[in-house]
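Remarks on the structure that follows.
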Amino acid sequence: METINKPLKRRSRYNSSEARVAYICLIPAFLGLFFLTYAPLVGVLGISLTNWTGLKSPEFIGFDNYVQLFTKDPYIKDSIIATIYFAFLSVIGSMVYSFFIAMLLNRKIPARGFLRAVFYVPFVLPAAAIYVGWSWLYEANFGFFNFLLSKVGLNKVLFIADSSYVVPSLSLISVWLSGNLIVIFLAGLQNVPSVYHEAAEVDGAGGWKRFIHITLPSMSPIIFYNLLMSLIANLQVVTPALALTNGGPGNSSRFLTYLMYDQAFVNYKLGYACATTFVIFAILAVFTALLFKTSNRWIYNEGGDDK
Amino acid sequence: MSAVAYGRLRSRKRKERTMNIVTFVVVIICAALVLFPIWWIFRTSLMTNAEIYRYPPSLVPENWLFSNYEKTLKVFKFWKYLWNTMLIIVPSCLAGTFTATLCGYAFARLRFRGKNLIWALCVGSMLLPAMVTLIPLYIGWTRGLGIHDSYMPLILPYFCGGGAFNIFLIRQFMMSIPRELDQAATIDGAGYFRILFSIIMPAIRPAMIVVALFIFIGLWNDLLQQMIYINSSDKYTIALGLTNFRGQLKSDWSLTMAATCLSFAPGVIFYLIGQKYFVEGITLTGMKA
């Protein structure tokens with residue numbers, strides 16, 4: 001790589017008309033990166049230090065919003081717990097589910113393309129409609145799940161109307177939606193060289209041993225990618241609360257992003273909501289950093305050590 | 001081949017075949033479980049309310065009441081909502097795909113000063129969660145530009161490269177196209193834009209379709225931003241209309257489920273059309289990251 005890049009670094013190699021074309025092509029990206037990404041990022045920090053309500057002009061109040069958020073806010077603690085709880089269940093659930101289905105689909109079975117498409121279908125349905133539809137399955141008296149429970153002789157559960165079941169119930173929907181992970185896992189599995197499996201089989205390794213010692217290590221970069229994407233998506237969960245629960249019952253599904261929405265667009269406390277935004281950002285950053293930090297311990301690198 | 005080895009091979013083959021049959025059965029069961037909620041919603045949409053509340057519930061409606069859909073369409077302005085949703089989605093998909101292709105071209109093929117820095121900023125913005133910029137952007141659109149109750153805040157961002165993720169996807173795909181193609185065109189006197197439009201774009205058509213489909217799904221699912229930017233009910237999208245409809249008709253489950261099924265339909269149709277490209281695209285993003 002080094003040797004190929006070197007000649008490009010000399011200034012004389014930049015062709016001026018080529019560079020001009022490049023900058024023209026990149027105008028949209030420049031606009032987007034500045035106005036839609038980095039300027040708003042600075043904006044969040046700035047606004048979070050003010051008491052802006054949208055009605056009167058903002059005043060600088062230092063870190064008061066953060067102090068209030070962590071000492072007086074009645075929701076923030078429940079909100080952080082609900083968000084992390086939901087993300088934990090959803091990420092673990094969808095990773096296990098999609099890896100399992102991908103393993104099955106990786107075998108030589110008939111109608112594989114069609115079956116793969118079936119598992120992907122939930123992902124293309126509009127999220128709002130999915131939650132409305134599932135709310136019927138979770139219905140307290142006549143819903144399908146309560147019918148199942150009554151069949152096996154268990155008591156009725158209120159699911160999304162019960163504060164201790166709402167988060168697991170919503171996580172189940174999120175697992176159901178994780179068809180995109182299956183497709184990525186499947187592509188990864190198809191890239192595991194079959195030579196490894198054959199060699200291990202000659203050495204007498206059974207199915208489980210081969211899974212632990214061959215499949216998992218060679219899939220580790222893909223597992224990492226899926227873990228990262230699914231964690232980032234699930235920590236930002238908001239649609240179920242908007243479409244279905246309104247944060248309830250109690251505060252049990254008042255996810256952080258919903259809390260931020262509520263503060264900013266229902267109560268018009270823009271400065272305060274930006275402080276909450278920054279908390280979301282911090283939590284995501286911590287989890288992402290942790291994931292990257294531990295990654296070199298469990299990700300197996302095909303070409304040995306890169307660095 | 002000795003008889004023993006041949007026998008072992010045959011028994012292995014037989015074992016493999018039974019394993020494949022078991023796998024197939026398990027996959028079919030799982031697929032049925034995945035489709036079941038959708039079926040349950042659909043069969044509810046074809047029942048009378050009395051039938052819905054019967055115990056034990058039946059899997060298939062007694063007399064498929066497609067008239068429920070007529071009733072629903074009278075209250076739930078599906079066609080209006082679909083039209084509104086398309087007013088957002090169509091320009092966004094076209095502009096997003098086009099600008100992502102331009103940006104991807106610059107990163108994949110052209111040499112210019114500051115490339116690494118700009119690329120790093122682009123990739124960095126992929127890790128930045130969308131929720132973080134929500135409030136400043138809202139303030140920018142409504143206070144800064146005075147745009148209220150409009151689709152513009154939902155559409156215009158797609159004129160800016162369609163998001164770093166899509167630029168990334170296009171770039172990855174372009175890098176897999178052999179450079180000899182553009183070099184040959186350069187010798188024939190084609191300029192950079194000519195190469196992009198007549199050589200590269202046809203070659204990366206699958207990736208462009210994928211980007212368009214991703215933008216479609218993204219807008220389809222984005223209830224939060226639609227809630228924030230759209231106020232008047234005649235501008236409602238499908239997602240907003242359905243959420244609102246459910247609030248009005250809390251207990252009329254068959255009509256609510258009919259509205260839900262109607263909202264499912266466009267996504268399923270688009271998916272069936274673009275299925276092949278979809279799978280290809282997701283694979284691409286996951287594999288070459």
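Here, A, B, ... name the chains of the structure tokens in the order displayed, residue numbers run from 1 inside each chain, and ligands are numbered from 1 in the same displayed order.
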
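The shell of residues at most 10 Å from Leu284 in chain A, with only C-alpha atoms counted and near chain neighbours (fewer than 6 positions) removed, consists of A:Leu231, A:Ile232, A:Ala233, A:Leu235, A:Gln236, A:Phe278, A:Leu290, B:Leu127, B:Leu128, B:Pro129.
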
Keeping N, CA and C atoms for every residue in the selection just given, could you write it to a file as a compact mmCIF listing (two decimals), in the first residue's frame?
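Result file follows (part16.txt):
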# COMPACT_ATOMS: atom_id res chain seq x y z
N LEU A 231 -25.83 -2.05 17.66
CA LEU A 231 -25.76 -1.30 18.92
C LEU A 231 -26.08 0.18 18.70
N ILE A 232 -25.49 0.77 17.66
CA ILE A 232 -25.74 2.19 17.38
C ILE A 232 -27.22 2.41 17.08
N ALA A 233 -27.80 1.52 16.29
CA ALA A 233 -29.21 1.69 15.93
C ALA A 233 -30.10 1.53 17.15
N LEU A 235 -29.45 1.81 20.41
CA LEU A 235 -29.32 2.80 21.48
C LEU A 235 -30.08 4.08 21.11
N GLN A 236 -30.38 4.26 19.82
CA GLN A 236 -31.12 5.46 19.40
C GLN A 236 -32.61 5.19 19.26
N PHE A 278 -26.68 15.48 24.27
CA PHE A 278 -25.26 15.24 24.51
C PHE A 278 -25.04 14.00 25.37
N LEU A 290 -15.79 1.20 23.76
CA LEU A 290 -15.58 -0.08 24.45
C LEU A 290 -15.50 -1.22 23.45
N LEU B 127 -20.28 7.57 11.85
CA LEU B 127 -20.37 7.08 13.23
C LEU B 127 -21.18 8.03 14.11
N LEU B 128 -21.43 9.24 13.59
CA LEU B 128 -22.17 10.21 14.39
C LEU B 128 -23.66 9.87 14.33
N PRO B 129 -24.25 9.56 15.49
CA PRO B 129 -25.66 9.17 15.47
C PRO B 129 -26.56 10.30 14.96

Would you kindly report the residues of chain B within 6 Å of chain A, using only C-alpha atoms, as a PyMOL selection string? chain B and resi 24+53+102-103+106+112+132-133+136+160-161+220-221+239+243+260+264+267+283+286

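With only C-alpha atoms as the atoms that count, the minimum distance from Ser98 in chain A to the choices A:Val286, A:Ile214, A:Ser174, A:Leu69 is reached by A:Ser174.
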
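Proximity of A:Tyr300, A:Tyr272, A:Phe292, A:Tyr138 to Ile61 in chain A, computed with only C-alpha atoms, is greatest for A:Tyr272.
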
Going by DSSP on the backbone, which bits of range 58-171 of chain A are alpha helix (DSSP H)? Write them as a PyMOL selection string, please. chain A and resi 64-71+76-105+112-124+127-137+144-151+166-171

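Of note, CA of Glu51 in chain B and CA of Pro249 in chain A are spaced 29.1 Å apart.
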
For range 52-146 of chain B versus range 194-206 of chain B, which residues have an atom no more than 12 Å away, and what is each residue's nearest atom pair and distance in Å rounded to one decimal, using only C-alpha atoms, chain-then-number order, as a tab-separated table?
residue	atom	partner	partner_atom	distance
B:Thr97	CA	B:Arg205	CA	10.4
B:Phe98	CA	B:Met201	CA	9.8
B:Ala100	CA	B:Met201	CA	11.6
B:Thr101	CA	B:Met201	CA	8.0
B:Leu102	CA	B:Leu196	CA	8.3
B:Cys103	CA	B:Leu196	CA	11.2
B:Gly104	CA	B:Leu196	CA	10.5
B:Tyr105	CA	B:Leu196	CA	7.3
B:Ala106	CA	B:Leu196	CA	9.9
B:Ala108	CA	B:Ile200	CA	10.9
B:Arg109	CA	B:Leu196	CA	9.6
B:Leu110	CA	B:Leu196	CA	10.9

May I have the residues from that selection written out with all heavy atoms, as a PDB file, in the first residue's frame?
ATOM      1  N   THR B  97     -29.294   9.560  -4.727  1.00  0.00           N
ATOM      2  CA  THR B  97     -28.507   8.609  -5.505  1.00  0.00           C
ATOM      3  C   THR B  97     -27.534   9.344  -6.415  1.00  0.00           C
ATOM      4  O   THR B  97     -26.359   8.980  -6.521  1.00  0.00           O
ATOM      5  CB  THR B  97     -29.437   7.731  -6.352  1.00  0.00           C
ATOM      6  OG1 THR B  97     -30.470   7.251  -5.515  1.00  0.00           O
ATOM      7  CG2 THR B  97     -28.696   6.570  -6.941  1.00  0.00           C
ATOM      8  N   PHE B  98     -28.023  10.414  -7.041  1.00  0.00           N
ATOM      9  CA  PHE B  98     -27.175  11.140  -7.984  1.00  0.00           C
ATOM     10  C   PHE B  98     -25.996  11.799  -7.262  1.00  0.00           C
ATOM     11  O   PHE B  98     -24.839  11.643  -7.661  1.00  0.00           O
ATOM     12  CB  PHE B  98     -27.998  12.191  -8.729  1.00  0.00           C
ATOM     13  CG  PHE B  98     -27.196  12.965  -9.732  1.00  0.00           C
ATOM     14  CD1 PHE B  98     -26.721  12.344 -10.886  1.00  0.00           C
ATOM     15  CD2 PHE B  98     -26.900  14.304  -9.521  1.00  0.00           C
ATOM     16  CE1 PHE B  98     -25.962  13.044 -11.803  1.00  0.00           C
ATOM     17  CE2 PHE B  98     -26.142  15.009 -10.434  1.00  0.00           C
ATOM     18  CZ  PHE B  98     -25.676  14.379 -11.580  1.00  0.00           C
ATOM     19  N   ALA B 100     -24.759  11.105  -4.325  1.00  0.00           N
ATOM     20  CA  ALA B 100     -23.871  10.093  -3.736  1.00  0.00           C
ATOM     21  C   ALA B 100     -22.938   9.524  -4.796  1.00  0.00           C
ATOM     22  O   ALA B 100     -21.770   9.250  -4.534  1.00  0.00           O
ATOM     23  CB  ALA B 100     -24.679   8.973  -3.088  1.00  0.00           C
ATOM     24  N   THR B 101     -23.456   9.392  -6.025  1.00  0.00           N
ATOM     25  CA  THR B 101     -22.622   8.873  -7.108  1.00  0.00           C
ATOM     26  C   THR B 101     -21.511   9.864  -7.459  1.00  0.00           C
ATOM     27  O   THR B 101     -20.359   9.477  -7.649  1.00  0.00           O
ATOM     28  CB  THR B 101     -23.481   8.592  -8.352  1.00  0.00           C
ATOM     29  OG1 THR B 101     -24.573   7.770  -7.954  1.00  0.00           O
ATOM     30  CG2 THR B 101     -22.695   7.892  -9.428  1.00  0.00           C
ATOM     31  N   LEU B 102     -21.861  11.158  -7.523  1.00  0.00           N
ATOM     32  CA  LEU B 102     -20.841  12.179  -7.800  1.00  0.00           C
ATOM     33  C   LEU B 102     -19.734  12.130  -6.749  1.00  0.00           C
ATOM     34  O   LEU B 102     -18.549  12.087  -7.076  1.00  0.00           O
ATOM     35  CB  LEU B 102     -21.473  13.578  -7.786  1.00  0.00           C
ATOM     36  CG  LEU B 102     -22.316  14.006  -8.980  1.00  0.00           C
ATOM     37  CD1 LEU B 102     -22.812  15.433  -8.754  1.00  0.00           C
ATOM     38  CD2 LEU B 102     -21.513  13.926 -10.266  1.00  0.00           C
ATOM     39  N   CYS B 103     -20.142  12.115  -5.472  1.00  0.00           N
ATOM     40  CA  CYS B 103     -19.152  12.140  -4.393  1.00  0.00           C
ATOM     41  C   CYS B 103     -18.339  10.850  -4.394  1.00  0.00           C
ATOM     42  O   CYS B 103     -17.117  10.875  -4.229  1.00  0.00           O
ATOM     43  CB  CYS B 103     -19.831  12.313  -3.041  1.00  0.00           C
ATOM     44  SG  CYS B 103     -20.731  13.849  -2.913  1.00  0.00           S
ATOM     45  N   GLY B 104     -19.023   9.737  -4.600  1.00  0.00           N
ATOM     46  CA  GLY B 104     -18.328   8.453  -4.629  1.00  0.00           C
ATOM     47  C   GLY B 104     -17.289   8.422  -5.737  1.00  0.00           C
ATOM     48  O   GLY B 104     -16.186   7.902  -5.571  1.00  0.00           O
ATOM     49  N   TYR B 105     -17.623   9.043  -6.874  1.00  0.00           N
ATOM     50  CA  TYR B 105     -16.708   9.103  -8.013  1.00  0.00           C
ATOM     51  C   TYR B 105     -15.446   9.854  -7.631  1.00  0.00           C
ATOM     52  O   TYR B 105     -14.328   9.401  -7.890  1.00  0.00           O
ATOM     53  CB  TYR B 105     -17.417   9.770  -9.190  1.00  0.00           C
ATOM     54  CG  TYR B 105     -16.586   9.948 -10.432  1.00  0.00           C
ATOM     55  CD1 TYR B 105     -15.998   8.855 -11.055  1.00  0.00           C
ATOM     56  CD2 TYR B 105     -16.389  11.212 -10.985  1.00  0.00           C
ATOM     57  CE1 TYR B 105     -15.237   9.015 -12.206  1.00  0.00           C
ATOM     58  CE2 TYR B 105     -15.635  11.382 -12.128  1.00  0.00           C
ATOM     59  CZ  TYR B 105     -15.059  10.274 -12.735  1.00  0.00           C
ATOM     60  OH  TYR B 105     -14.310  10.440 -13.871  1.00  0.00           O
ATOM     61  N   ALA B 106     -15.617  11.000  -6.973  1.00  0.00           N
ATOM     62  CA  ALA B 106     -14.460  11.794  -6.571  1.00  0.00           C
ATOM     63  C   ALA B 106     -13.547  10.972  -5.659  1.00  0.00           C
ATOM     64  O   ALA B 106     -12.330  10.958  -5.834  1.00  0.00           O
ATOM     65  CB  ALA B 106     -14.907  13.079  -5.880  1.00  0.00           C
ATOM     66  N   ALA B 108     -13.438   7.638  -5.314  1.00  0.00           N
ATOM     67  CA  ALA B 108     -12.952   6.374  -5.852  1.00  0.00           C
ATOM     68  C   ALA B 108     -11.932   6.563  -6.956  1.00  0.00           C
ATOM     69  O   ALA B 108     -11.013   5.769  -7.110  1.00  0.00           O
ATOM     70  CB  ALA B 108     -14.127   5.545  -6.371  1.00  0.00           C
ATOM     71  N   ARG B 109     -12.082   7.625  -7.745  1.00  0.00           N
ATOM     72  CA  ARG B 109     -11.285   7.713  -8.958  1.00  0.00           C
ATOM     73  C   ARG B 109     -10.368   8.932  -9.090  1.00  0.00           C
ATOM     74  O   ARG B 109      -9.364   8.864  -9.758  1.00  0.00           O
ATOM     75  CB  ARG B 109     -12.229   7.735 -10.177  1.00  0.00           C
ATOM     76  CG  ARG B 109     -12.802   6.388 -10.560  1.00  0.00           C
ATOM     77  CD  ARG B 109     -11.710   5.464 -11.025  1.00  0.00           C
ATOM     78  NE  ARG B 109     -12.229   4.401 -11.856  1.00  0.00           N
ATOM     79  CZ  ARG B 109     -12.492   3.177 -11.434  1.00  0.00           C
ATOM     80  NH1 ARG B 109     -12.297   2.863 -10.173  1.00  0.00           N
ATOM     81  NH2 ARG B 109     -12.956   2.261 -12.273  1.00  0.00           N
ATOM     82  N   LEU B 110     -10.752  10.047  -8.501  1.00  0.00           N
ATOM     83  CA  LEU B 110     -10.021  11.272  -8.791  1.00  0.00           C
ATOM     84  C   LEU B 110      -8.966  11.546  -7.733  1.00  0.00           C
ATOM     85  O   LEU B 110      -9.106  11.134  -6.578  1.00  0.00           O
ATOM     86  CB  LEU B 110     -11.000  12.452  -8.879  1.00  0.00           C
ATOM     87  CG  LEU B 110     -12.123  12.272  -9.900  1.00  0.00           C
ATOM     88  CD1 LEU B 110     -13.082  13.443  -9.842  1.00  0.00           C
ATOM     89  CD2 LEU B 110     -11.558  12.126 -11.302  1.00  0.00           C
TER      90      LEU B 110
END

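Closest approach to Pro153 in chain B among B:Cys93, B:Ala184, B:Ile88, B:Leu117: B:Ile88, based on only C-alpha atoms.
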
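Using only C-alpha atoms, the contacts of Trp83 in chain B at a cut-off of 9 Å, with sequence neighbours closer than 4 positions omitted, comprise B:Phe78, B:Trp79, B:Leu87, B:Ile88, B:Thr237, B:Ile238.
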
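Minimum atom-to-atom distance to Val210 in chain B, evaluated using only C-alpha atoms, belongs to B:Ile273 out of B:Ile273, B:Ala265, B:Val123, B:Leu154.
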